[in-house]
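**Student:** Here you go, this is query-v4.json (JSON, C-alpha atoms).
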[["chain", "number", "residue", "atom", "x", "y", "z"],
["A", 12, "MET", "CA", 9.30, -14.86, -2.21],
["A", 13, "GLU", "CA", 6.34, -13.01, -0.70],
["A", 14, "TYR", "CA", 6.19, -9.32, 0.08],
["A", 15, "THR", "CA", 3.66, -7.06, 1.74],
["A", 16, "ALA", "CA", 1.97, -4.41, -0.38],
["A", 17, "GLN", "CA", 0.22, -1.57, 1.40],
["A", 18, "ILE", "CA", -2.10, 1.24, 0.40],
["A", 19, "SER", "CA", -2.70, 4.35, 2.47],
["A", 20, "ASN", "CA", -4.04, 7.85, 2.09],
["A", 21, "ARG", "CA", -2.11, 10.96, 2.99],
["A", 22, "ASP", "CA", -3.00, 14.52, 2.01],
["A", 23, "GLY", "CA", -5.86, 13.33, -0.23],
["A", 24, "ARG", "CA", -3.67, 10.95, -2.25],
["A", 25, "TRP", "CA", -3.81, 7.17, -2.21],
["A", 26, "ARG", "CA", -0.38, 5.56, -2.47],
["A", 27, "LEU", "CA", 0.34, 1.88, -3.00],
["A", 28, "TYR", "CA", 3.81, 0.53, -2.26],
["A", 29, "VAL", "CA", 5.58, -2.79, -1.80],
["A", 30, "VAL", "CA", 7.64, -3.21, 1.36],
["A", 31, "LEU", "CA", 11.11, -4.56, 0.59],
["A", 32, "MET", "CA", 13.11, -5.62, 3.65],
["A", 33, "GLY", "CA", 16.67, -4.37, 3.78],
["A", 34, "VAL", "CA", 15.88, -1.50, 1.41],
["A", 35, "ARG", "CA", 15.22, 2.13, 2.38],
["A", 36, "ALA", "CA", 11.54, 3.06, 2.21],
["A", 37, "SER", "CA", 12.39, 5.75, -0.34],
["A", 38, "GLU", "CA", 13.45, 2.94, -2.72],
["A", 39, "TRP", "CA", 10.29, 0.81, -2.38],
["A", 40, "PRO", "CA", 8.26, 0.39, -5.58],
["A", 41, "GLU", "CA", 5.38, 2.87, -5.34],
["A", 42, "HIS", "CA", 2.32, 3.96, -7.29],
["A", 43, "ASP", "CA", 0.52, 7.25, -6.61],
["A", 44, "PHE", "CA", -3.15, 7.24, -7.62],
["A", 45, "GLY", "CA", -3.25, 11.03, -7.60],
["A", 46, "PRO", "CA", -5.68, 13.26, -5.72],
["A", 47, "THR", "CA", -8.94, 11.41, -5.17],
["A", 48, "VAL", "CA", -11.50, 10.95, -2.42],
["A", 49, "ALA", "CA", -12.49, 7.44, -3.49],
["A", 50, "VAL", "CA", -10.48, 4.40, -2.44],
["A", 51, "PRO", "CA", -8.93, 2.80, -5.55],
["A", 52, "THR", "CA", -10.80, -0.34, -6.56],
["A", 53, "VAL", "CA", -9.27, -3.80, -6.25],
["A", 54, "ALA", "CA", -8.88, -3.84, -10.06],
["A", 55, "GLN", "CA", -7.04, -0.48, -9.99],
["A", 56, "ARG", "CA", -4.76, -1.73, -7.22],
["A", 57, "SER", "CA", -4.10, -4.96, -9.13],
["A", 58, "ARG", "CA", -3.13, -3.02, -12.28],
["A", 59, "ALA", "CA", -0.85, -0.73, -10.27],
["A", 60, "LEU", "CA", 0.87, -3.72, -8.66],
["A", 61, "ALA", "CA", 1.28, -5.39, -12.06],
["A", 62, "ALA", "CA", 2.92, -2.22, -13.40],
["A", 63, "LEU", "CA", 5.34, -2.43, -10.46],
["A", 64, "GLY", "CA", 6.06, -6.10, -11.28],
["A", 65, "PHE", "CA", 3.94, -7.79, -8.59],
["A", 66, "VAL", "CA", 0.78, -9.89, -8.35],
["A", 67, "PHE", "CA", -1.50, -10.98, -5.51],
["A", 68, "THR", "CA", -0.60, -14.32, -3.98],
["A", 69, "GLY", "CA", -3.23, -17.06, -4.20],
["A", 70, "GLY", "CA", -6.17, -16.46, -1.89],
["A", 71, "ALA", "CA", -4.81, -13.14, -0.63],
["A", 72, "GLY", "CA", -7.28, -10.50, 0.47],
["A", 73, "TRP", "CA", -6.84, -6.90, 1.58],
["A", 74, "GLU", "CA", -6.78, -6.41, 5.36],
["A", 75, "TRP", "CA", -7.77, -2.93, 6.51],
["A", 76, "ALA", "CA", -6.64, -1.26, 9.73],
["A", 77, "GLU", "CA", -7.01, 2.21, 11.14],
["A", 78, "TYR", "CA", -4.51, 4.15, 13.19],
["A", 79, "TYR", "CA", -4.27, 7.59, 14.74],
["A", 80, "GLU", "CA", -2.17, 10.15, 12.91],
["A", 81, "THR", "CA", -0.65, 11.10, 16.27],
["A", 82, "HIS", "CA", 0.14, 7.94, 18.22],
["A", 83, "GLY", "CA", -1.75, 7.80, 21.51],
["A", 84, "ASP", "CA", -3.98, 10.80, 20.71],
["A", 85, "ASP", "CA", -7.53, 9.55, 20.12],
["A", 86, "ALA", "CA", -8.57, 13.06, 19.07],
["A", 87, "SER", "CA", -6.17, 13.10, 16.11],
["A", 88, "PRO", "CA", -7.35, 12.15, 12.61],
["A", 89, "VAL", "CA", -7.75, 8.45, 11.86],
["A", 90, "ARG", "CA", -5.81, 7.06, 8.90],
["A", 91, "LEU", "CA", -6.57, 3.88, 6.95],
["A", 92, "LEU", "CA", -3.96, 1.35, 5.91],
["A", 93, "ALA", "CA", -4.56, -1.84, 3.94],
["A", 94, "SER", "CA", -2.13, -4.70, 3.39],
["A", 95, "ILE", "CA", -2.00, -7.73, 1.13],
["A", 96, "GLN", "CA", 0.59, -10.40, 0.33],
["A", 97, "VAL", "CA", 2.12, -10.23, -3.14],
["A", 98, "CYS", "CA", 4.91, -11.91, -5.06],
["A", 99, "SER", "CA", 7.05, -10.91, -7.98],
["A", 100, "ARG", "CA", 5.17, -11.33, -11.26],
["A", 101, "ASP", "CA", 7.97, -13.50, -12.68],
["A", 102, "GLY", "CA", 8.36, -15.46, -9.44],
["A", 103, "GLY", "CA", 11.91, -14.23, -8.85],
["A", 104, "GLU", "CA", 13.45, -11.76, -6.47],
["A", 105, "SER", "CA", 12.48, -8.12, -6.92]]
Show me, as structure tokens, the structure contained in the file I just sent.
**Tutor:**
Amino acid sequence: MEYTAQISNRDGRWRLYVVLMGVRASEWPEHDFGPTVAVPTVAQRSRALAALGFVFTGGAGWEWAEYYETHGDDASPVRLLASIQVCSRDGGES
């Protein structure tokens, strides 16, 4: 089964999480990279996902998007969000 992993920055902290359908967002597996200005490297993201029990799917690449913090307000801060397809490290349900 494939899942979507996402990484975003809020309040100076990069957070990586795996979206699990049918589960409250507060229960999604998550890794906090701590306060940092730099975007975590692909290797750091891969290690964080592995610690959560997930791996990149074959040929998957990060897709970056930007969005306004306040929907419809082009003067509000822009946020970055990246997504990638992952699967459970053991191939089973997570």
**Student:** Here is a test: counting all atoms listed in the file, which residue of A:Gly83, A:Gly64, A:Pro88, A:Pro46 is nearest to Tyr14 in chain A?
**Tutor:**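 The shortest atom-to-atom distance to Tyr14 in chain A comes from A:Gly64.
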**Student:** Using all atoms listed in the file, which of A:Ser19, A:Leu63, A:Met12, A:Arg58 sits nearest Glu80 in chain A?
**Tutor:**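 Smallest distance to Glu80 in chain A is found for A:Ser19.
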**Student:** Rounded to one decimal, what separation in Å do you get between CA of Arg56 in chain A and CA of Thr81 in chain A?
**Tutor:** 27.1 Å
**Student:** For Gln17 in chain A, which residue among A:Trp39, A:Ala61, A:Thr47, A:Val29 is the nearest when counting all atoms listed in the file?
**Tutor:** A:Val29
**Student:** Please indicate the distance in Å from CA of Asn20 in chain A to CA of Val50 in chain A, rounded to one decimal place.
**Tutor:**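 So the answer is 8.6 Å.
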**Student:** Could you state the separation of CA of Cys98 in chain A and CA of Ala62 in chain A in Å, given to one decimal place?
**Tutor:**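 If I compute the distance from CA of Cys98 in chain A to CA of Ala62 in chain A, I get 12.9 Å.
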**Student:** Determine, counting only C-alpha atoms, which protein, DNA and RNA residues have an atom within 9 Å of an atom of range 66-71 of chain A; residues of the same chain fewer than 4 positions away are not included. Present the result as a VMD selection string.
**Tutor:** chain A and resid 13 57 to 58 60 to 61 95 to 100
**Student:** Out of A:Leu91, A:Ala86, A:Ala76, A:Ala16, which residue has the shortest atom-to-atom distance to Leu31 in chain A when counting all atoms listed in the file?
**Tutor:** A:Ala16
**Student:** Export range 71-85 of chain A of the preceding structure, keeping N, CA, C and O atoms, as a CSV table (one decimal), in the first residue's frame.
**Tutor:**
chain,number,residue,atom,x,y,z
A,71,ALA,N,10.3,7.4,-6.9
A,71,ALA,CA,9.6,8.5,-6.3
A,71,ALA,C,10.5,9.7,-6.2
A,71,ALA,O,11.7,9.5,-5.9
A,72,GLY,N,10.0,10.9,-6.4
A,72,GLY,CA,10.8,12.1,-6.2
A,72,GLY,C,9.9,13.1,-5.4
A,72,GLY,O,8.7,13.1,-5.5
A,73,TRP,N,10.6,14.0,-4.7
A,73,TRP,CA,9.9,15.0,-4.0
A,73,TRP,C,9.3,16.0,-4.9
A,73,TRP,O,10.0,16.5,-5.8
A,74,GLU,N,8.0,16.4,-4.7
A,74,GLU,CA,7.3,17.4,-5.5
A,74,GLU,C,7.0,18.6,-4.5
A,74,GLU,O,6.4,18.4,-3.5
A,75,TRP,N,7.6,19.8,-4.9
A,75,TRP,CA,7.4,20.9,-4.0
A,75,TRP,C,6.3,21.8,-4.5
A,75,TRP,O,6.1,22.0,-5.7
A,76,ALA,N,5.6,22.4,-3.6
A,76,ALA,CA,4.5,23.4,-3.9
A,76,ALA,C,4.6,24.5,-2.9
A,76,ALA,O,5.1,24.3,-1.8
A,77,GLU,N,4.1,25.6,-3.3
A,77,GLU,CA,4.0,26.7,-2.3
A,77,GLU,C,2.5,27.1,-2.2
A,77,GLU,O,1.7,26.9,-3.1
A,78,TYR,N,2.2,27.6,-1.0
A,78,TYR,CA,0.8,28.1,-0.8
A,78,TYR,C,0.9,29.3,0.2
A,78,TYR,O,1.9,29.5,0.9
A,79,TYR,N,-0.2,30.1,0.2
A,79,TYR,CA,-0.2,31.2,1.0
A,79,TYR,C,-0.7,30.8,2.4
A,79,TYR,O,-1.6,30.0,2.5
A,80,GLU,N,-0.1,31.3,3.4
A,80,GLU,CA,-0.5,31.0,4.8
A,80,GLU,C,-2.0,31.3,5.0
A,80,GLU,O,-2.7,30.6,5.6
A,81,THR,N,-2.4,32.5,4.5
A,81,THR,CA,-3.8,32.9,4.5
A,81,THR,C,-4.4,32.7,3.1
A,81,THR,O,-4.0,33.4,2.2
A,82,HIS,N,-5.3,31.7,3.0
A,82,HIS,CA,-5.8,31.4,1.7
A,82,HIS,C,-6.4,32.6,1.0
A,82,HIS,O,-7.2,33.3,1.6
A,83,GLY,N,-6.0,32.9,-0.2
A,83,GLY,CA,-6.6,34.0,-1.0
A,83,GLY,C,-5.9,35.3,-0.7
A,83,GLY,O,-6.3,36.3,-1.4
A,84,ASP,N,-5.0,35.4,0.2
A,84,ASP,CA,-4.3,36.6,0.5
A,84,ASP,C,-2.9,36.6,0.0
A,84,ASP,O,-2.0,36.0,0.6
A,85,ASP,N,-2.6,37.2,-1.2
A,85,ASP,CA,-1.3,37.0,-1.8
A,85,ASP,C,-0.2,37.9,-1.1
A,85,ASP,O,0.9,37.9,-1.5
